[in-house]
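Engineer: Next comes final.tsv, TSV, C-alpha atoms and all ligand atoms:
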chain	number	residue	atom	x	y	z
A	509	MET	CA	12.86	8.27	-16.08
A	510	ASN	CA	9.86	10.27	-14.84
A	511	PHE	CA	9.68	8.38	-11.55
A	512	TYR	CA	11.92	8.10	-8.48
A	513	LEU	CA	12.02	7.79	-4.69
A	514	ARG	CA	12.85	10.54	-2.24
A	515	GLN	CA	13.23	10.59	1.55
A	516	ALA	CA	9.98	11.09	3.45
A	517	GLY	CA	9.84	13.99	5.88
A	518	PHE	CA	7.49	15.33	8.55
A	519	ASP	CA	5.67	17.33	5.83
A	520	ASP	CA	4.58	14.05	4.23
A	521	LEU	CA	3.11	12.63	7.42
A	522	GLU	CA	-0.58	13.40	6.88
A	523	LEU	CA	-0.50	12.17	3.29
A	524	ILE	CA	1.15	8.92	4.39
A	525	ARG	CA	-1.43	8.44	7.15
A	526	GLU	CA	-4.27	9.09	4.71
A	527	TRP	CA	-2.87	6.38	2.39
A	528	ARG	CA	-2.11	4.00	5.25
A	529	ASN	CA	-5.70	4.13	6.47
A	530	LYS	CA	-7.25	3.37	3.10
A	531	GLU	CA	-9.07	0.06	2.79
A	532	HIS	CA	-6.87	-1.34	-0.02
A	533	VAL	CA	-3.73	-0.71	2.05
A	534	ARG	CA	-5.08	-1.86	5.43
A	535	LYS	CA	-6.46	-5.15	4.16
A	536	ASN	CA	-3.08	-6.11	2.66
A	537	SER	CA	-1.00	-5.01	5.66
A	538	PHE	CA	0.13	-6.96	8.71
A	539	ASN	CA	-1.27	-4.23	10.98
A	540	GLN	CA	-4.82	-3.67	9.85
A	541	HIS	CA	-6.07	-1.25	12.49
A	542	TYR	CA	-6.90	2.40	11.87
A	543	VAL	CA	-3.81	4.52	12.59
A	544	THR	CA	-4.41	7.63	14.70
A	545	LYS	CA	-2.52	10.89	14.25
A	546	GLU	CA	-0.62	10.36	17.48
A	547	GLU	CA	0.40	6.77	16.75
A	548	HIS	CA	1.49	7.78	13.27
A	549	LYS	CA	3.65	10.65	14.54
A	550	ASP	CA	5.28	8.37	17.14
A	551	TRP	CA	5.96	5.74	14.45
A	552	PHE	CA	7.61	8.27	12.17
A	553	SER	CA	9.62	9.96	14.93
A	554	LYS	CA	11.10	6.61	15.98
A	555	LEU	CA	11.75	5.57	12.41
A	556	ASN	CA	13.49	8.87	11.68
A	557	LYS	CA	16.05	8.26	14.45
A	558	ASP	CA	16.66	4.63	13.51
A	559	ASN	CA	19.55	4.00	11.11
A	560	THR	CA	18.10	0.61	10.18
A	561	LYS	CA	14.94	2.19	8.72
A	562	GLN	CA	14.38	4.12	5.49
A	563	CYS	CA	11.05	5.62	4.56
A	564	LEU	CA	10.81	6.80	0.95
A	565	ILE	CA	8.10	8.44	-1.11
A	566	PHE	CA	7.46	7.23	-4.67
A	567	ILE	CA	7.07	10.13	-7.12
A	568	LEU	CA	5.68	9.73	-10.63
A	569	GLU	CA	5.57	12.80	-12.87
A	570	ASP	CA	6.06	15.05	-9.83
A	571	VAL	CA	3.12	13.51	-7.94
A	572	PRO	CA	3.64	11.51	-4.72
A	573	LEU	CA	1.80	8.22	-5.18
A	574	GLY	CA	3.13	5.70	-2.71
A	575	ILE	CA	5.68	4.60	-0.21
A	576	SER	CA	8.55	2.16	0.25
A	577	ILE	CA	9.85	1.29	3.68
A	578	PHE	CA	13.06	-0.65	4.22
A	579	SER	CA	14.28	-2.23	7.46
A	580	ILE	CA	17.95	-2.92	6.99
A	581	ASN	CA	19.87	-5.60	8.80
A	582	HIS	CA	23.40	-4.24	8.44
A	583	LYS	CA	25.07	-7.29	9.97
A	584	HIS	CA	23.49	-9.77	7.57
A	585	GLN	CA	23.33	-7.38	4.62
A	586	ARG	CA	19.65	-7.81	3.93
A	587	ALA	CA	16.62	-5.56	4.00
A	588	ASN	CA	12.96	-6.21	4.55
A	589	TRP	CA	10.74	-4.20	2.20
A	590	SER	CA	7.16	-3.04	2.55
A	591	PHE	CA	5.33	-0.73	0.18
A	592	TYR	CA	2.04	0.45	-1.20
A	593	LEU	CA	0.43	2.75	-3.70
A	594	GLY	CA	-1.74	5.23	-1.83
A	595	GLU	CA	-4.49	5.39	-4.43
A	596	THR	CA	-6.48	2.82	-6.36
A	597	GLY	CA	-7.42	3.21	-10.03
A	598	LEU	CA	-3.93	4.31	-11.11
A	599	PRO	CA	-2.78	3.36	-14.63
A	600	LYS	CA	-1.63	-0.25	-15.06
A	601	GLY	CA	2.11	-0.47	-14.53
A	602	THR	CA	2.27	2.14	-11.76
A	603	GLY	CA	3.15	-0.50	-9.17
A	604	THR	CA	5.89	-1.88	-11.41
A	605	LYS	CA	7.44	1.60	-11.53
A	606	LEU	CA	7.35	1.81	-7.74
A	607	GLY	CA	8.97	-1.62	-7.59
A	608	PHE	CA	11.66	-0.73	-10.10
A	609	ALA	CA	12.51	2.55	-8.35
A	610	SER	CA	12.59	0.77	-4.99
A	611	MET	CA	14.92	-2.07	-6.01
A	612	ASP	CA	17.20	0.31	-7.85
A	613	TYR	CA	17.35	2.64	-4.84
A	614	ALA	CA	17.93	-0.15	-2.35
A	615	PHE	CA	20.71	-1.94	-4.22
A	616	ASP	CA	22.38	1.39	-5.09
A	617	ASN	CA	22.20	2.91	-1.62
A	618	PHE	CA	22.26	0.10	0.92
A	619	LYS	CA	25.05	-2.36	1.42
A	620	VAL	CA	22.74	-5.37	1.12
A	621	GLN	CA	22.86	-8.57	-0.88
A	622	LYS	CA	19.18	-9.43	-0.52
A	623	ILE	CA	15.75	-7.78	-0.27
A	624	HIS	CA	12.94	-9.82	1.24
A	625	THR	CA	9.20	-9.40	1.68
A	626	GLU	CA	6.14	-11.07	3.17
A	627	VAL	CA	2.83	-11.23	1.32
A	628	LEU	CA	-0.60	-12.35	2.51
A	629	SER	CA	-1.84	-15.28	0.40
A	630	TYR	CA	-4.97	-13.49	-0.83
A	631	ASN	CA	-3.05	-10.47	-2.15
A	632	LEU	CA	-3.06	-11.61	-5.78
A	633	ALA	CA	-1.87	-8.26	-7.14
A	634	SER	CA	1.20	-8.35	-4.91
A	635	LEU	CA	1.97	-12.01	-5.71
A	636	LYS	CA	1.93	-11.21	-9.42
A	637	PHE	CA	3.86	-8.00	-8.86
A	638	HIS	CA	6.70	-9.83	-7.04
A	639	ASP	CA	7.00	-12.33	-9.87
A	640	LYS	CA	7.16	-9.50	-12.41
A	641	LEU	CA	9.95	-7.77	-10.49
A	642	GLY	CA	12.03	-10.95	-10.41
A	643	PHE	CA	11.44	-11.97	-6.80
A	644	VAL	CA	11.63	-15.68	-6.04
A	645	LEU	CA	9.34	-17.53	-3.63
A	646	GLU	CA	11.48	-18.89	-0.78
A	647	GLY	CA	8.61	-20.58	1.01
A	648	LYS	CA	5.60	-19.79	3.13
A	649	HIS	CA	4.44	-19.63	6.70
A	650	LYS	CA	1.38	-21.83	6.73
A	651	LYS	CA	-1.83	-20.60	8.40
A	652	HIS	CA	0.14	-17.74	9.88
A	653	PHE	CA	-2.16	-14.75	9.96
A	654	LEU	CA	-5.61	-14.74	11.54
A	655	ILE	CA	-8.41	-12.56	10.25
A	656	GLU	CA	-11.97	-13.09	11.42
A	657	SER	CA	-11.53	-16.78	12.28
A	658	VAL	CA	-9.61	-17.66	9.09
A	659	PHE	CA	-5.88	-18.42	9.11
A	660	TYR	CA	-4.05	-17.24	5.98
A	661	ASP	CA	-0.67	-18.33	4.64
A	662	VAL	CA	2.13	-15.77	4.34
A	663	TYR	CA	4.41	-16.03	1.31
A	664	LEU	CA	8.11	-15.23	1.67
A	665	PHE	CA	9.80	-13.65	-1.33
A	666	SER	CA	13.33	-12.46	-1.99
A	667	ILE	CA	15.56	-11.04	-4.66
A	668	PHE	CA	19.35	-11.05	-4.57
A	669	ARG	CA	21.61	-8.33	-5.94
A	670	GLU	CA	22.69	-10.58	-8.86
A	671	GLY	CA	19.05	-11.37	-9.67
A	672	TRP	CA	18.19	-7.68	-9.79
A	673	GLU	CA	21.22	-6.90	-11.99
A	674	GLU	CA	20.00	-9.56	-14.42
A	675	LYS	CA	16.39	-8.40	-14.34
A	676	LYS	CA	16.51	-4.63	-14.32
A	677	ASP	CA	17.31	-3.74	-17.95
A	678	ASN	CA	14.57	-5.97	-19.24
A	679	LEU	CA	12.09	-4.57	-16.73
A	680	LEU	CA	12.99	-1.01	-17.69
A	681	MET	CA	12.32	-1.90	-21.34
A	682	ILE	CA	8.89	-3.25	-20.37
A	683	ILE	CA	8.17	-0.07	-18.39
A	684	GLU	CA	9.24	2.16	-21.28
A	685	LYS	CA	7.20	0.15	-23.77
A	686	GLY	CA	4.18	0.59	-21.46
A	687	ASN	CA	4.76	4.36	-21.42
A	688	ASN	CA	4.84	4.45	-25.23
A	689	THR	CA	1.70	2.33	-25.48
A	690	SER	CA	-0.23	4.68	-23.22
A	691	LEU	CA	1.08	7.74	-25.15
A	692	GLN	CA	-0.15	6.17	-28.36
A	693	GLY	CA	-3.49	5.44	-26.67
A	701	LIG	C1	0.85	-4.36	-5.05
A	701	LIG	C2	0.73	-3.06	-5.84
A	701	LIG	C3	1.92	-2.15	-5.57
A	701	LIG	C4	0.68	-3.42	-7.33
A	701	LIG	O1	0.47	-2.23	-8.06
A	701	LIG	P1	-0.16	-2.23	-9.53
A	701	LIG	O2	-0.20	-0.82	-10.00
A	701	LIG	O3	-1.41	-3.03	-9.56
A	701	LIG	O4	0.96	-3.02	-10.31
A	701	LIG	P2	1.11	-3.16	-11.88
A	701	LIG	O5	-0.05	-2.52	-12.60
A	701	LIG	O6	2.47	-2.71	-12.24
A	701	LIG	O7	0.97	-4.74	-12.05
A	701	LIG	C5	2.00	-5.66	-11.75
A	701	LIG	C6	1.50	-7.04	-12.17
A	701	LIG	O8	0.48	-7.46	-11.26
A	701	LIG	C7	-0.70	-7.79	-11.97
A	701	LIG	N1	-1.86	-7.39	-11.17
A	701	LIG	C8	-2.19	-6.15	-10.76
A	701	LIG	N2	-3.33	-6.19	-10.06
A	701	LIG	C9	-3.72	-7.50	-10.03
A	701	LIG	C10	-4.80	-8.19	-9.43
A	701	LIG	N3	-5.74	-7.55	-8.74
A	701	LIG	N4	-4.87	-9.53	-9.57
A	701	LIG	C11	-3.92	-10.21	-10.25
A	701	LIG	N5	-2.85	-9.61	-10.85
A	701	LIG	C12	-2.76	-8.27	-10.73
A	701	LIG	C13	-0.63	-7.00	-13.25
A	701	LIG	O9	-1.42	-7.57	-14.27
A	701	LIG	C14	0.86	-7.01	-13.55
A	701	LIG	O10	1.28	-8.18	-14.23
A	701	LIG	P3	1.38	-8.21	-15.85
A	701	LIG	O11	2.19	-7.02	-16.25
A	701	LIG	O12	2.03	-9.50	-16.11
A	701	LIG	O13	-0.02	-8.10	-16.36
A	701	LIG	C15	-0.59	-2.31	-5.48
A	701	LIG	O14	-1.67	-3.13	-5.84
A	701	LIG	C16	-0.73	-1.92	-4.04
A	701	LIG	O15	-0.12	-0.96	-3.58
A	701	LIG	N6	-1.60	-2.63	-3.30
A	701	LIG	C17	-1.99	-2.28	-1.94
A	701	LIG	C18	-0.92	-2.47	-0.91
A	701	LIG	C19	-0.18	-3.77	-1.03
A	701	LIG	O16	-0.74	-4.80	-1.37
A	701	LIG	N7	1.12	-3.70	-0.72
A	701	LIG	C20	1.98	-4.86	-0.78
A	701	LIG	C21	1.91	-5.63	0.47
A	701	LIG	S1	2.93	-7.10	0.33
Represent the structure from my file as structure tokens, please.
Structural biologist:
Amino acid sequence: MNFYLRQAGFDDLELIREWRNKEHVRKNSFNQHYVTKEEHKDWFSKLNKDNTKQCLIFILEDVPLGISIFSINHKHQRANWSFYLGETGLPKGTGTKLGFASMDYAFDNFKVQKIHTEVLSYNLASLKFHDKLGFVLEGKHKKHFLIESVFYDVYLFSIFREGWEEKKDNLLMIIEKGNNTSLQG
């Protein structure tokens, strides 16, 4: 595979902040304010010392393109996942590769039985993306997130270890087929 995740370090900080402050990331995040250098450094310093947090950079063909952040609840063997691609206009299927690498990494490296996420109702790309990865909708928080006088629903997704084991070979085939298609133009 020409894509994987690696641990983020202090050298990645400015790149992560640049991504985090982009419009397409901010509007789909639960904190939508502009992140200053100082706030960002504090966030990463705390995260780095916290054994419940993992911050990973998604690499495709040697280029860093996005991020996956896991908050692990060791007691209940579950992890909350947040992620984004730092750029727009990337080839179709790039997000699926990030998702594949992230699920594979999490179930291989963390002692968890479940990964769960929260998605804003208007984030159609992410809703579709979760379905493609094999996540199941557990429910939603109704009118849960307020932006400029409008309350939006928040969808709750999860995937269990068994679900991922069932899904991953097929997903890898889809990813590889996509690679071939783009090579053939
Ligand atoms: C969510 C995200 C990772 C998806 O990445 P991506 O590169 O578009 O994903 P893919 O190209 O692999 O597409 C995955 C599926 O979503 C669909 N999709 C992508 N963009 C879409 C859109 N704007 N509307 C509807 N469906 C969309 C694709 O068609 C594909 O399904 P298909 O294979 O059945 O056609 C990316 O859009 C992103 O980082 N967004 C900004 C941050 C964000 O939303 N983070 C998640 C917060 S919960």
Engineer: Find the residues near ligand LIG 701 (chain A). Use a cut-off of 10 Å, count all atoms listed in the file, and write them as JSON, numbers by chain.
Structural biologist: {"A": [527, 528, 530, 531, 532, 533, 534, 535, 536, 537, 538, 573, 574, 575, 576, 589, 590, 591, 592, 593, 594, 595, 596, 597, 598, 599, 600, 601, 602, 603, 604, 605, 606, 607, 608, 625, 626, 627, 628, 629, 630, 631, 632, 633, 634, 635, 636, 637, 638, 639, 640, 641, 662, 663, 664, 665, 682, 683, 686]}
Engineer: Taking C-alpha atoms for each residue, export the selection above as a PDB file, in the frame of the given file.
Structural biologist:
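Once written, part.pdb looks like this:
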ATOM      1  CA  TRP A 527      -2.870   6.380   2.390  1.00  0.00           C
ATOM      2  CA  ARG A 528      -2.110   4.000   5.250  1.00  0.00           C
ATOM      3  CA  LYS A 530      -7.250   3.370   3.100  1.00  0.00           C
ATOM      4  CA  GLU A 531      -9.070   0.060   2.790  1.00  0.00           C
ATOM      5  CA  HIS A 532      -6.870  -1.340  -0.020  1.00  0.00           C
ATOM      6  CA  VAL A 533      -3.730  -0.710   2.050  1.00  0.00           C
ATOM      7  CA  ARG A 534      -5.080  -1.860   5.430  1.00  0.00           C
ATOM      8  CA  LYS A 535      -6.460  -5.150   4.160  1.00  0.00           C
ATOM      9  CA  ASN A 536      -3.080  -6.110   2.660  1.00  0.00           C
ATOM     10  CA  SER A 537      -1.000  -5.010   5.660  1.00  0.00           C
ATOM     11  CA  PHE A 538       0.130  -6.960   8.710  1.00  0.00           C
ATOM     12  CA  LEU A 573       1.800   8.220  -5.180  1.00  0.00           C
ATOM     13  CA  GLY A 574       3.130   5.700  -2.710  1.00  0.00           C
ATOM     14  CA  ILE A 575       5.680   4.600  -0.210  1.00  0.00           C
ATOM     15  CA  SER A 576       8.550   2.160   0.250  1.00  0.00           C
ATOM     16  CA  TRP A 589      10.740  -4.200   2.200  1.00  0.00           C
ATOM     17  CA  SER A 590       7.160  -3.040   2.550  1.00  0.00           C
ATOM     18  CA  PHE A 591       5.330  -0.730   0.180  1.00  0.00           C
ATOM     19  CA  TYR A 592       2.040   0.450  -1.200  1.00  0.00           C
ATOM     20  CA  LEU A 593       0.430   2.750  -3.700  1.00  0.00           C
ATOM     21  CA  GLY A 594      -1.740   5.230  -1.830  1.00  0.00           C
ATOM     22  CA  GLU A 595      -4.490   5.390  -4.430  1.00  0.00           C
ATOM     23  CA  THR A 596      -6.480   2.820  -6.360  1.00  0.00           C
ATOM     24  CA  GLY A 597      -7.420   3.210 -10.030  1.00  0.00           C
ATOM     25  CA  LEU A 598      -3.930   4.310 -11.110  1.00  0.00           C
ATOM     26  CA  PRO A 599      -2.780   3.360 -14.630  1.00  0.00           C
ATOM     27  CA  LYS A 600      -1.630  -0.250 -15.060  1.00  0.00           C
ATOM     28  CA  GLY A 601       2.110  -0.470 -14.530  1.00  0.00           C
ATOM     29  CA  THR A 602       2.270   2.140 -11.760  1.00  0.00           C
ATOM     30  CA  GLY A 603       3.150  -0.500  -9.170  1.00  0.00           C
ATOM     31  CA  THR A 604       5.890  -1.880 -11.410  1.00  0.00           C
ATOM     32  CA  LYS A 605       7.440   1.600 -11.530  1.00  0.00           C
ATOM     33  CA  LEU A 606       7.350   1.810  -7.740  1.00  0.00           C
ATOM     34  CA  GLY A 607       8.970  -1.620  -7.590  1.00  0.00           C
ATOM     35  CA  PHE A 608      11.660  -0.730 -10.100  1.00  0.00           C
ATOM     36  CA  THR A 625       9.200  -9.400   1.680  1.00  0.00           C
ATOM     37  CA  GLU A 626       6.140 -11.070   3.170  1.00  0.00           C
ATOM     38  CA  VAL A 627       2.830 -11.230   1.320  1.00  0.00           C
ATOM     39  CA  LEU A 628      -0.600 -12.350   2.510  1.00  0.00           C
ATOM     40  CA  SER A 629      -1.840 -15.280   0.400  1.00  0.00           C
ATOM     41  CA  TYR A 630      -4.970 -13.490  -0.830  1.00  0.00           C
ATOM     42  CA  ASN A 631      -3.050 -10.470  -2.150  1.00  0.00           C
ATOM     43  CA  LEU A 632      -3.060 -11.610  -5.780  1.00  0.00           C
ATOM     44  CA  ALA A 633      -1.870  -8.260  -7.140  1.00  0.00           C
ATOM     45  CA  SER A 634       1.200  -8.350  -4.910  1.00  0.00           C
ATOM     46  CA  LEU A 635       1.970 -12.010  -5.710  1.00  0.00           C
ATOM     47  CA  LYS A 636       1.930 -11.210  -9.420  1.00  0.00           C
ATOM     48  CA  PHE A 637       3.860  -8.000  -8.860  1.00  0.00           C
ATOM     49  CA  HIS A 638       6.700  -9.830  -7.040  1.00  0.00           C
ATOM     50  CA  ASP A 639       7.000 -12.330  -9.870  1.00  0.00           C
ATOM     51  CA  LYS A 640       7.160  -9.500 -12.410  1.00  0.00           C
ATOM     52  CA  LEU A 641       9.950  -7.770 -10.490  1.00  0.00           C
ATOM     53  CA  VAL A 662       2.130 -15.770   4.340  1.00  0.00           C
ATOM     54  CA  TYR A 663       4.410 -16.030   1.310  1.00  0.00           C
ATOM     55  CA  LEU A 664       8.110 -15.230   1.670  1.00  0.00           C
ATOM     56  CA  PHE A 665       9.800 -13.650  -1.330  1.00  0.00           C
ATOM     57  CA  ILE A 682       8.890  -3.250 -20.370  1.00  0.00           C
ATOM     58  CA  ILE A 683       8.170  -0.070 -18.390  1.00  0.00           C
ATOM     59  CA  GLY A 686       4.180   0.590 -21.460  1.00  0.00           C
TER      60      GLY A 686
END
Engineer: Mind checking which residues fall within 10 Å of A:Glu673, counting all atoms listed in the file, ignoring those fewer than 3 positions away in the same chain, and posting them as a tab-separated table (two decimals) with C-alpha atoms, keeping the file's coordinate frame?
Structural biologist:
chain	number	residue	atom	x	y	z
A	611	MET	CA	14.92	-2.07	-6.01
A	612	ASP	CA	17.20	0.31	-7.85
A	615	PHE	CA	20.71	-1.94	-4.22
A	668	PHE	CA	19.35	-11.05	-4.57
A	669	ARG	CA	21.61	-8.33	-5.94
A	670	GLU	CA	22.69	-10.58	-8.86
A	676	LYS	CA	16.51	-4.63	-14.32
A	677	ASP	CA	17.31	-3.74	-17.95
A	678	ASN	CA	14.57	-5.97	-19.24
Engineer: Taking all atoms listed in the file into account, which of A:Glu526, A:Glu684, A:Glu656, A:Glu646 comes nearest A:His548?
Structural biologist: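 Smallest separation from A:His548 among the options: A:Glu526.
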Engineer: Atom CA of A:Ala609 and atom CA of A:Thr544 are how many Å apart?
Structural biologist: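 Rounded to one decimal, the two atoms are 29.0 Å apart.
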Engineer: Would you please work out which residue, of A:Lys561, A:His624, A:Lys685, A:Lys675, is nearest to A:Gln515 when using all atoms listed in the file?
Structural biologist: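 Going through A:Lys561, A:His624, A:Lys685, A:Lys675 one by one, the smallest distance to A:Gln515 is for A:Lys561.
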Engineer: Suppose you want the space between atom CA of A:Ala516 and atom CA of A:Lys619; what is it in Å?
Structural biologist: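 Here the two named atoms are 20.3 Å from each other.
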Engineer: Using only C-alpha atoms, determine which residues lie at most 12 Å from A:Val620, disregarding the query and same-chain residues fewer than 5 positions distant; provide the list as a PyMOL selection string.
Structural biologist: chain A and resi 560+578-588+611-615+667-670
Engineer: Using only C-alpha atoms, please write the residues we just selected to a file, as a PDB file, in the coordinates of the input.
Structural biologist:
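In the end it all went to result.pdb:
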ATOM      1  CA  THR A 560      18.100   0.610  10.180  1.00  0.00           C
ATOM      2  CA  PHE A 578      13.060  -0.650   4.220  1.00  0.00           C
ATOM      3  CA  SER A 579      14.280  -2.230   7.460  1.00  0.00           C
ATOM      4  CA  ILE A 580      17.950  -2.920   6.990  1.00  0.00           C
ATOM      5  CA  ASN A 581      19.870  -5.600   8.800  1.00  0.00           C
ATOM      6  CA  HIS A 582      23.400  -4.240   8.440  1.00  0.00           C
ATOM      7  CA  LYS A 583      25.070  -7.290   9.970  1.00  0.00           C
ATOM      8  CA  HIS A 584      23.490  -9.770   7.570  1.00  0.00           C
ATOM      9  CA  GLN A 585      23.330  -7.380   4.620  1.00  0.00           C
ATOM     10  CA  ARG A 586      19.650  -7.810   3.930  1.00  0.00           C
ATOM     11  CA  ALA A 587      16.620  -5.560   4.000  1.00  0.00           C
ATOM     12  CA  ASN A 588      12.960  -6.210   4.550  1.00  0.00           C
ATOM     13  CA  MET A 611      14.920  -2.070  -6.010  1.00  0.00           C
ATOM     14  CA  ASP A 612      17.200   0.310  -7.850  1.00  0.00           C
ATOM     15  CA  TYR A 613      17.350   2.640  -4.840  1.00  0.00           C
ATOM     16  CA  ALA A 614      17.930  -0.150  -2.350  1.00  0.00           C
ATOM     17  CA  PHE A 615      20.710  -1.940  -4.220  1.00  0.00           C
ATOM     18  CA  ILE A 667      15.560 -11.040  -4.660  1.00  0.00           C
ATOM     19  CA  PHE A 668      19.350 -11.050  -4.570  1.00  0.00           C
ATOM     20  CA  ARG A 669      21.610  -8.330  -5.940  1.00  0.00           C
ATOM     21  CA  GLU A 670      22.690 -10.580  -8.860  1.00  0.00           C
TER      22      GLU A 670
END
Engineer: Please compute the atom CA of A:Leu513-atom CA of A:Ile567 distance, one decimal, in Å.
Structural biologist: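 Interatomic distance here is 6.0 Å.
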Engineer: First collect every listed atom of stretch 662-671 of chain A; then fit an axis-aligned box around them, widen it by 8 Å on each side, and give centre and edge lengths in Å to one decimal, as lines of an AutoDock Vina configuration file.
Structural biologist:
center_x = 12.4
center_y = -12.2
center_z = -2.7
size_x = 36.6
size_y = 23.7
size_z = 30.0
Engineer: Starting from the incomplete input, reconstruct N, CA and C atoms of stretch 511-532 of chain A and write that as a PDB file, in the coordinates of the input.
Structural biologist:
ATOM      1  N   PHE A 511      10.082   8.843 -12.879  1.00  0.00           N
ATOM      2  CA  PHE A 511       9.680   8.380 -11.550  1.00  0.00           C
ATOM      3  C   PHE A 511      10.920   8.101 -10.696  1.00  0.00           C
ATOM      4  N   TYR A 512      10.774   8.288  -9.385  1.00  0.00           N
ATOM      5  CA  TYR A 512      11.920   8.100  -8.480  1.00  0.00           C
ATOM      6  C   TYR A 512      11.406   8.026  -7.033  1.00  0.00           C
ATOM      7  N   LEU A 513      12.335   7.759  -6.123  1.00  0.00           N
ATOM      8  CA  LEU A 513      12.020   7.790  -4.690  1.00  0.00           C
ATOM      9  C   LEU A 513      12.756   8.954  -4.049  1.00  0.00           C
ATOM     10  N   ARG A 514      12.128   9.555  -3.052  1.00  0.00           N
ATOM     11  CA  ARG A 514      12.850  10.540  -2.240  1.00  0.00           C
ATOM     12  C   ARG A 514      12.538  10.261  -0.756  1.00  0.00           C
ATOM     13  N   GLN A 515      13.428  10.786   0.105  1.00  0.00           N
ATOM     14  CA  GLN A 515      13.230  10.590   1.550  1.00  0.00           C
ATOM     15  C   GLN A 515      11.905  11.210   1.986  1.00  0.00           C
ATOM     16  N   ALA A 516      11.189  10.506   2.869  1.00  0.00           N
ATOM     17  CA  ALA A 516       9.980  11.090   3.450  1.00  0.00           C
ATOM     18  C   ALA A 516      10.365  12.015   4.595  1.00  0.00           C
ATOM     19  N   GLY A 517       9.582  13.068   4.779  1.00  0.00           N
ATOM     20  CA  GLY A 517       9.840  13.990   5.880  1.00  0.00           C
ATOM     21  C   GLY A 517       8.563  14.253   6.664  1.00  0.00           C
ATOM     22  N   PHE A 518       8.670  15.072   7.711  1.00  0.00           N
ATOM     23  CA  PHE A 518       7.490  15.330   8.550  1.00  0.00           C
ATOM     24  C   PHE A 518       6.352  15.972   7.740  1.00  0.00           C
ATOM     25  N   ASP A 519       6.703  16.706   6.671  1.00  0.00           N
ATOM     26  CA  ASP A 519       5.670  17.330   5.830  1.00  0.00           C
ATOM     27  C   ASP A 519       4.807  16.304   5.097  1.00  0.00           C
ATOM     28  N   ASP A 520       5.330  15.092   4.957  1.00  0.00           N
ATOM     29  CA  ASP A 520       4.580  14.050   4.230  1.00  0.00           C
ATOM     30  C   ASP A 520       3.649  13.253   5.137  1.00  0.00           C
ATOM     31  N   LEU A 521       3.757  13.531   6.464  1.00  0.00           N
ATOM     32  CA  LEU A 521       3.110  12.630   7.420  1.00  0.00           C
ATOM     33  C   LEU A 521       1.608  12.441   7.208  1.00  0.00           C
ATOM     34  N   GLU A 522       0.883  13.540   7.004  1.00  0.00           N
ATOM     35  CA  GLU A 522      -0.580  13.400   6.880  1.00  0.00           C
ATOM     36  C   GLU A 522      -0.962  12.638   5.612  1.00  0.00           C
ATOM     37  N   LEU A 523      -0.222  12.892   4.541  1.00  0.00           N
ATOM     38  CA  LEU A 523      -0.500  12.170   3.290  1.00  0.00           C
ATOM     39  C   LEU A 523      -0.265  10.676   3.483  1.00  0.00           C
ATOM     40  N   ILE A 524       0.842  10.338   4.145  1.00  0.00           N
ATOM     41  CA  ILE A 524       1.150   8.920   4.390  1.00  0.00           C
ATOM     42  C   ILE A 524       0.047   8.277   5.244  1.00  0.00           C
ATOM     43  N   ARG A 525      -0.392   9.012   6.265  1.00  0.00           N
ATOM     44  CA  ARG A 525      -1.430   8.440   7.150  1.00  0.00           C
ATOM     45  C   ARG A 525      -2.746   8.235   6.385  1.00  0.00           C
ATOM     46  N   GLU A 526      -3.045   9.215   5.523  1.00  0.00           N
ATOM     47  CA  GLU A 526      -4.270   9.090   4.710  1.00  0.00           C
ATOM     48  C   GLU A 526      -4.204   7.808   3.858  1.00  0.00           C
ATOM     49  N   TRP A 527      -3.040   7.604   3.203  1.00  0.00           N
ATOM     50  CA  TRP A 527      -2.870   6.380   2.390  1.00  0.00           C
ATOM     51  C   TRP A 527      -2.975   5.140   3.259  1.00  0.00           C
ATOM     52  N   ARG A 528      -2.234   5.176   4.386  1.00  0.00           N
ATOM     53  CA  ARG A 528      -2.110   4.000   5.250  1.00  0.00           C
ATOM     54  C   ARG A 528      -3.455   3.522   5.775  1.00  0.00           C
ATOM     55  N   ASN A 529      -4.384   4.484   5.931  1.00  0.00           N
ATOM     56  CA  ASN A 529      -5.700   4.130   6.470  1.00  0.00           C
ATOM     57  C   ASN A 529      -6.707   3.746   5.397  1.00  0.00           C
ATOM     58  N   LYS A 530      -6.303   3.756   4.153  1.00  0.00           N
ATOM     59  CA  LYS A 530      -7.250   3.370   3.100  1.00  0.00           C
ATOM     60  C   LYS A 530      -7.470   1.859   3.119  1.00  0.00           C
ATOM     61  N   GLU A 531      -8.664   1.467   2.734  1.00  0.00           N
ATOM     62  CA  GLU A 531      -9.070   0.060   2.790  1.00  0.00           C
ATOM     63  C   GLU A 531      -8.100  -0.855   2.026  1.00  0.00           C
ATOM     64  N   HIS A 532      -7.703  -0.447   0.814  1.00  0.00           N
ATOM     65  CA  HIS A 532      -6.870  -1.340  -0.020  1.00  0.00           C
ATOM     66  C   HIS A 532      -5.481  -1.532   0.583  1.00  0.00           C
TER      67      HIS A 532
END
